[in-house]
Amino acid sequence: MIPETPEPVTTPGLASSPAVPRPIALFAPAASAAFGTAVATALGIAPARHEEREFGGGEHKMRPLESVRGRATYVIQSLHGDARGSANDRLCRLLFFVATLKDAGAGSVTACIPYLAYARKDRRTKARDPVASRYVAQLVESVGTDRVVVLEVHNLAAFENAFRIPTVHLEATDLLAAGCAQRGPIPLAVASPDVGGVKRARHFQELLERLHGEPVAFAFVDKKRSGGIVSGDTLVGDVGGRRVILVDDMIDSGTTLLRAAAACRRAGAARVDAVATHAPLSSDALRLFGSDGPNSVLVTDSVALAPGFSAIPGSTLRICPIAPRFAEAIRRLEGAGPLTPLGGL
């Protein structure tokens with residue numbers, strides 16, 4: 001059972017397209033049941049019925065309980081790991097279920113993966129390193145998946161090059177920018193917590209400038225990571241007297257954001273907030289919500305919050321619902337309009 005999350009952030013969305021023009025089957029496996037049900041609700045349909053069973057030794061099966069023959073079929077499964085299951089387990093279940101749907105005669109099967117496991121391991125950084133993002137793509141393709149829909153992967157170019165089937169890459173940046181763009185007396189600055197995220201943060205800066213109609217300062221932290229050890233905390237840019245918004249693609253342990261927040265405060269920042277698309281928060285990330293962390297953190301619900309984070313006040317940990325964006329993408333994939341306004345390429 002997914003724990004209750006803090007009060008959602010109200011963000012402007014696109015006008016709803018017409019209803020889905022032909023019947024689809026949308027499955028919400030247990031690991032992403034709440035998110036999948038939210039997508040179905042936004043589409044105005046009920047999740048398709050299915051069965052999940054567990055067997056001794058960790059084996060399992062999943063099967064549809066209604067006909068999918070000739071139907072456009074969607075499976076919502078986020079591939080994050082937590083106390084309820086590993087990323088590997090959820091990937092395996094997704095693969096088996098997609099194959100089962102193809103065997104059952106589904107007209108097409110689209111895997112909607114809000115959080116894509118192994119997307120960060122997209123290149124070799126040491127001799128004989130694996131390129132796990134490519135291996136995941138090969139596995140997904142091998143079971144007959146017709147299309148993949150994801151939300152803001154770590155490296156878009158690597159993602160697009162890994163897959164040989166159609167893909168849709170959705171963005172949440174505009175929703176996150178709208179969720180933290182309240183005007184105030186303190187001037188704004190956007191900062192990337194590391195050099196690798198500069199392009200992402202620049203895009204966020206441009207969105208805020210359009211929303212505010214005025215310039216927004218920019219900075220970044222010179223961070224290095226080697227062997228799992230993070231070092232470097234030099235801030236490049238002027239944030240003195242400003243409200244700084246740290247922009248990252250995901251939060252795991254929170255170490256990167258903690259270091260960046262400290263660097264901004266040393267440089268005279270009046271306030272530090274943080275936004276990130278994905279929040280596969282490990283237990284270490286609880287430090288992020290102490291006095292040394294950002295004043296607030298805004299994330300999407302692409303990953304269900306672990307139980308330890310559900311009690312954090314909504315003013316500190318804010319949630320931007322992303323299921324409506326997936327629902328709108330499905331509408332458009334079924335012929336109701338272009339994907340470009342959603343970030344789809």
# chains A, B, ... in the order shown; residues from 1 in each chain; ligands from 1
call {"tool": "closest_atom_pairs", "arguments": {"of": "range 159-266 of chain A", "to": "range 300-323 of chain A", "cutoff": "12 Å", "atoms": "only C-alpha atoms", "output": "Markdown table"}}
result
| residue | atom | partner | partner_atom | distance |
| --- | --- | --- | --- | --- |
| A:Leu170 | CA | A:Ile322 | CA | 10.0 |
| A:Glu171 | CA | A:Ile322 | CA | 9.5 |
| A:Ala172 | CA | A:Ile322 | CA | 7.3 |
| A:Thr173 | CA | A:Thr300 | CA | 9.9 |
| A:Asp174 | CA | A:Cys320 | CA | 10.9 |
| A:Leu175 | CA | A:Cys320 | CA | 7.4 |
| A:Leu176 | CA | A:Cys320 | CA | 6.9 |
| A:Ala177 | CA | A:Cys320 | CA | 10.4 |
| A:Ala178 | CA | A:Cys320 | CA | 10.0 |
| A:Gly179 | CA | A:Cys320 | CA | 7.5 |
| A:Cys180 | CA | A:Arg318 | CA | 10.0 |
| A:Asp249 | CA | A:Thr300 | CA | 10.5 |
| A:Met250 | CA | A:Thr300 | CA | 9.8 |
| A:Ile251 | CA | A:Val303 | CA | 10.7 |
| A:Asp252 | CA | A:Val303 | CA | 11.1 |
call {"tool": "closest_atom_pairs", "arguments": {"of": "range 103-201 of chain A", "to": "range 278-287 of chain A", "cutoff": "9 Å", "atoms": "only C-alpha atoms", "output": "Markdown table"}}
result
| residue | atom | partner | partner_atom | distance |
| --- | --- | --- | --- | --- |
| A:Pro114 | CA | A:His278 | CA | 8.7 |
| A:Tyr115 | CA | A:His278 | CA | 7.1 |
| A:Leu151 | CA | A:His278 | CA | 8.8 |
| A:Glu152 | CA | A:His278 | CA | 8.5 |
call {"tool": "residues_around", "arguments": {"residues": "Asn295 in chain A", "least_positions_apart": "2", "cutoff": "7 Å", "atoms": "only C-alpha atoms", "output": "MDAnalysis selection string"}}
result
chainID A and resid 271:273 293 316
call {"tool": "write_last_selection", "arguments": {"atoms": "C-alpha atoms", "output": "short mmCIF file (atom, residue, chain, number, x, y, z; two decimals), in the first residue's frame"}}
result
data_model
loop_
_atom_site.label_atom_id
_atom_site.label_comp_id
_atom_site.auth_asym_id
_atom_site.auth_seq_id
_atom_site.Cartn_x
_atom_site.Cartn_y
_atom_site.Cartn_z
CA ARG A 271 16.89 31.18 0.83
CA VAL A 272 17.55 27.84 -0.85
CA ASP A 273 14.83 25.65 -2.37
CA GLY A 293 19.02 21.11 3.84
CA THR A 316 8.94 21.23 3.26
#
call {"tool": "select_by_dssp", "arguments": {"residues": "range 77-300 of chain A", "states": "alpha helix (DSSP H)", "output": "PyMOL selection string"}}
result
chain A and resi 87-103+132-142+156-162+173-179+198-212+255-266
call {"tool": "residues_around", "arguments": {"residues": "Pro29 in chain A", "least_positions_apart": "4", "cutoff": "9 Å", "atoms": "only C-alpha atoms", "output": "ChimeraX atom specification"}}
result
/A:33,36,50-52,62,75-77,93-94
call {"tool": "write_last_selection", "arguments": {"atoms": "C-alpha atoms", "output": "PDB file, in the first residue's frame"}}
result
ATOM      1  CA  ALA A  33      -1.019   0.750  -8.554  1.00  0.00           C
ATOM      2  CA  GLY A  36      -1.507   3.773 -12.643  1.00  0.00           C
ATOM      3  CA  HIS A  50      -5.423  -8.451 -13.951  1.00  0.00           C
ATOM      4  CA  GLU A  51      -4.133 -11.047 -11.496  1.00  0.00           C
ATOM      5  CA  GLU A  52      -0.790 -11.119  -9.691  1.00  0.00           C
ATOM      6  CA  MET A  62       0.813 -11.761 -13.786  1.00  0.00           C
ATOM      7  CA  VAL A  75       1.255  -0.960 -18.716  1.00  0.00           C
ATOM      8  CA  ILE A  76       2.211   1.542 -15.998  1.00  0.00           C
ATOM      9  CA  GLN A  77       5.259   0.361 -14.063  1.00  0.00           C
ATOM     10  CA  ARG A  93       7.673  -8.383 -13.781  1.00  0.00           C
ATOM     11  CA  LEU A  94       7.224  -5.735 -16.461  1.00  0.00           C
TER      12      LEU A  94
END
call {"tool": "closest_atom_pairs", "arguments": {"of": "range 244-283 of chain A", "to": "range 190-213 of chain A", "cutoff": "12 Å", "atoms": "only C-alpha atoms", "output": "CSV"}}
result
residue,atom,partner,partner_atom,distance
A:Val244,CA,A:Val190,CA,5.6
A:Ile245,CA,A:Val190,CA,4.8
A:Leu246,CA,A:Ala191,CA,4.9
A:Val247,CA,A:Ser192,CA,5.5
A:Asp248,CA,A:Gly197,CA,6.6
A:Asp249,CA,A:Gly197,CA,7.9
A:Met250,CA,A:Gly197,CA,10.7
A:Ile251,CA,A:Pro193,CA,11.3
A:Gly254,CA,A:Pro193,CA,10.9
A:Thr255,CA,A:Pro193,CA,10.2
A:Thr256,CA,A:Pro193,CA,6.5
A:Leu257,CA,A:Pro193,CA,6.3
A:Leu258,CA,A:Pro193,CA,9.2
A:Arg259,CA,A:Pro193,CA,8.0
A:Ala260,CA,A:Pro193,CA,5.3
A:Ala261,CA,A:Pro193,CA,8.3
A:Ala262,CA,A:Pro193,CA,10.7
A:Ala263,CA,A:Pro193,CA,9.4
A:Cys264,CA,A:Ala191,CA,8.8
A:Ala269,CA,A:Ala191,CA,11.2
A:Arg271,CA,A:Val190,CA,11.6
A:Val272,CA,A:Val190,CA,9.8
A:Asp273,CA,A:Val190,CA,9.6
A:Ala274,CA,A:Ala191,CA,9.3
A:Val275,CA,A:Phe204,CA,10.0
A:Ala276,CA,A:Ala201,CA,10.4
A:Thr277,CA,A:Arg200,CA,11.0
call {"tool": "residues_around", "arguments": {"residues": "Ile45 in chain A", "least_positions_apart": "2", "cutoff": "12 Å", "atoms": "only C-alpha atoms", "output": "number ranges by chain"}}
result
A: 19-20, 22-27, 36-43, 47-49, 327, 331
call {"tool": "write_last_selection", "arguments": {"atoms": "N, CA and C atoms", "output": "tab-separated table (two decimals), in the first residue's frame"}}
result
chain	number	residue	atom	x	y	z
A	19	ALA	N	-11.93	12.64	-25.45
A	19	ALA	CA	-11.79	11.31	-24.88
A	19	ALA	C	-11.04	10.40	-25.85
A	20	VAL	N	-10.40	9.36	-25.29
A	20	VAL	CA	-9.65	8.40	-26.10
A	20	VAL	C	-10.58	7.83	-27.17
A	22	ARG	N	-10.62	5.20	-29.13
A	22	ARG	CA	-10.90	3.77	-29.24
A	22	ARG	C	-10.54	3.12	-27.92
A	23	PRO	N	-11.23	2.04	-27.58
A	23	PRO	CA	-11.02	1.45	-26.26
A	23	PRO	C	-9.60	0.94	-26.07
A	24	ILE	N	-9.00	1.31	-24.98
A	24	ILE	CA	-7.66	0.82	-24.66
A	24	ILE	C	-7.75	0.00	-23.38
A	25	ALA	N	-6.70	-0.76	-23.12
A	25	ALA	CA	-6.57	-1.49	-21.86
A	25	ALA	C	-5.37	-0.92	-21.14
A	26	LEU	N	-5.59	-0.38	-19.97
A	26	LEU	CA	-4.51	0.20	-19.18
A	26	LEU	C	-4.35	-0.60	-17.89
A	27	PHE	N	-3.18	-1.20	-17.72
A	27	PHE	CA	-2.92	-2.04	-16.56
A	27	PHE	C	-2.05	-1.29	-15.55
A	36	GLY	N	-0.77	4.26	-11.48
A	36	GLY	CA	-1.51	3.77	-12.64
A	36	GLY	C	-2.99	4.07	-12.55
A	37	THR	N	-3.56	3.93	-11.36
A	37	THR	CA	-4.97	4.24	-11.16
A	37	THR	C	-5.24	5.73	-11.38
A	38	ALA	N	-4.29	6.58	-10.96
A	38	ALA	CA	-4.43	8.03	-11.18
A	38	ALA	C	-4.41	8.35	-12.67
A	39	VAL	N	-3.58	7.65	-13.44
A	39	VAL	CA	-3.55	7.85	-14.89
A	39	VAL	C	-4.89	7.43	-15.50
A	40	ALA	N	-5.40	6.27	-15.09
A	40	ALA	CA	-6.68	5.79	-15.60
A	40	ALA	C	-7.81	6.76	-15.27
A	41	THR	N	-7.80	7.28	-14.04
A	41	THR	CA	-8.83	8.23	-13.62
A	41	THR	C	-8.79	9.49	-14.48
A	42	ALA	N	-7.58	9.97	-14.76
A	42	ALA	CA	-7.44	11.15	-15.61
A	42	ALA	C	-7.92	10.90	-17.03
A	43	LEU	N	-7.87	9.65	-17.47
A	43	LEU	CA	-8.36	9.27	-18.79
A	43	LEU	C	-9.87	9.03	-18.80
A	47	PRO	N	-8.88	0.99	-14.55
A	47	PRO	CA	-7.74	0.12	-14.90
A	47	PRO	C	-8.25	-1.25	-15.35
A	48	ALA	N	-7.59	-1.84	-16.33
A	48	ALA	CA	-7.95	-3.18	-16.79
A	48	ALA	C	-7.69	-4.19	-15.68
A	49	ARG	N	-8.52	-5.21	-15.62
A	49	ARG	CA	-8.41	-6.20	-14.55
A	49	ARG	C	-7.26	-7.17	-14.84
A	327	ALA	N	-1.47	10.63	-18.69
A	327	ALA	CA	-2.80	10.43	-19.28
A	327	ALA	C	-2.95	11.23	-20.57
A	331	ARG	N	-3.69	9.93	-24.43
A	331	ARG	CA	-4.73	10.49	-25.30
A	331	ARG	C	-4.14	10.85	-26.66
call {"tool": "closest_residue", "arguments": {"among": "A:Ala106, A:Gly184, A:Thr234, A:Asn161", "to": "Ser133 in chain A", "atoms": "only C-alpha atoms"}}
result
A:Asn161
call {"tool": "select_by_dssp", "arguments": {"residues": "range 291-334 of chain A", "states": "strand (DSSP E or B)", "output": "ChimeraX atom specification"}}
result
/A:296-300,317-320
call {"tool": "write_last_selection", "arguments": {"atoms": "C-alpha atoms", "output": "PDB file, in the first residue's frame"}}
result
ATOM      1  CA  SER A 296      11.742  23.210   0.671  1.00  0.00           C
ATOM      2  CA  VAL A 297      11.951  20.358  -1.831  1.00  0.00           C
ATOM      3  CA  LEU A 298       9.551  19.955  -4.769  1.00  0.00           C
ATOM      4  CA  VAL A 299       9.397  16.599  -6.617  1.00  0.00           C
ATOM      5  CA  THR A 300       6.959  14.669  -8.792  1.00  0.00           C
ATOM      6  CA  LEU A 317       8.343  18.321   0.886  1.00  0.00           C
ATOM      7  CA  ARG A 318       5.914  19.222  -1.872  1.00  0.00           C
ATOM      8  CA  ILE A 319       4.555  16.862  -4.527  1.00  0.00           C
ATOM      9  CA  CYS A 320       3.773  17.765  -8.133  1.00  0.00           C
TER      10      CYS A 320
END
call {"tool": "residues_around", "arguments": {"residues": "Val140 in chain A", "least_positions_apart": "6", "cutoff": "12 Å", "atoms": "only C-alpha atoms", "output": "MDAnalysis selection string"}}
result
chainID A and resid 91:99 109:113 116:117 133:134 146:149 162:167
call {"tool": "closest_residue", "arguments": {"among": "A:Ser108, A:Thr125, A:Thr340, A:Asn155", "to": "Tyr74 in chain A", "atoms": "only C-alpha atoms"}}
result
A:Ser108
call {"tool": "residues_around", "arguments": {"residues": "range 235-238 of chain A", "least_positions_apart": "3", "cutoff": "6 Å", "atoms": "only C-alpha atoms", "output": "number ranges by chain"}}
result
A: 219-221
call {"tool": "atom_distance", "arguments": {"atom1": "CA of Arg243 in chain A", "atom2": "CA of Leu188 in chain A"}}
result
4.9 Å
call {"tool": "atom_distance", "arguments": {"atom1": "CA of Gly240 in chain A", "atom2": "CA of Arg266 in chain A"}}
result
9.1 Å
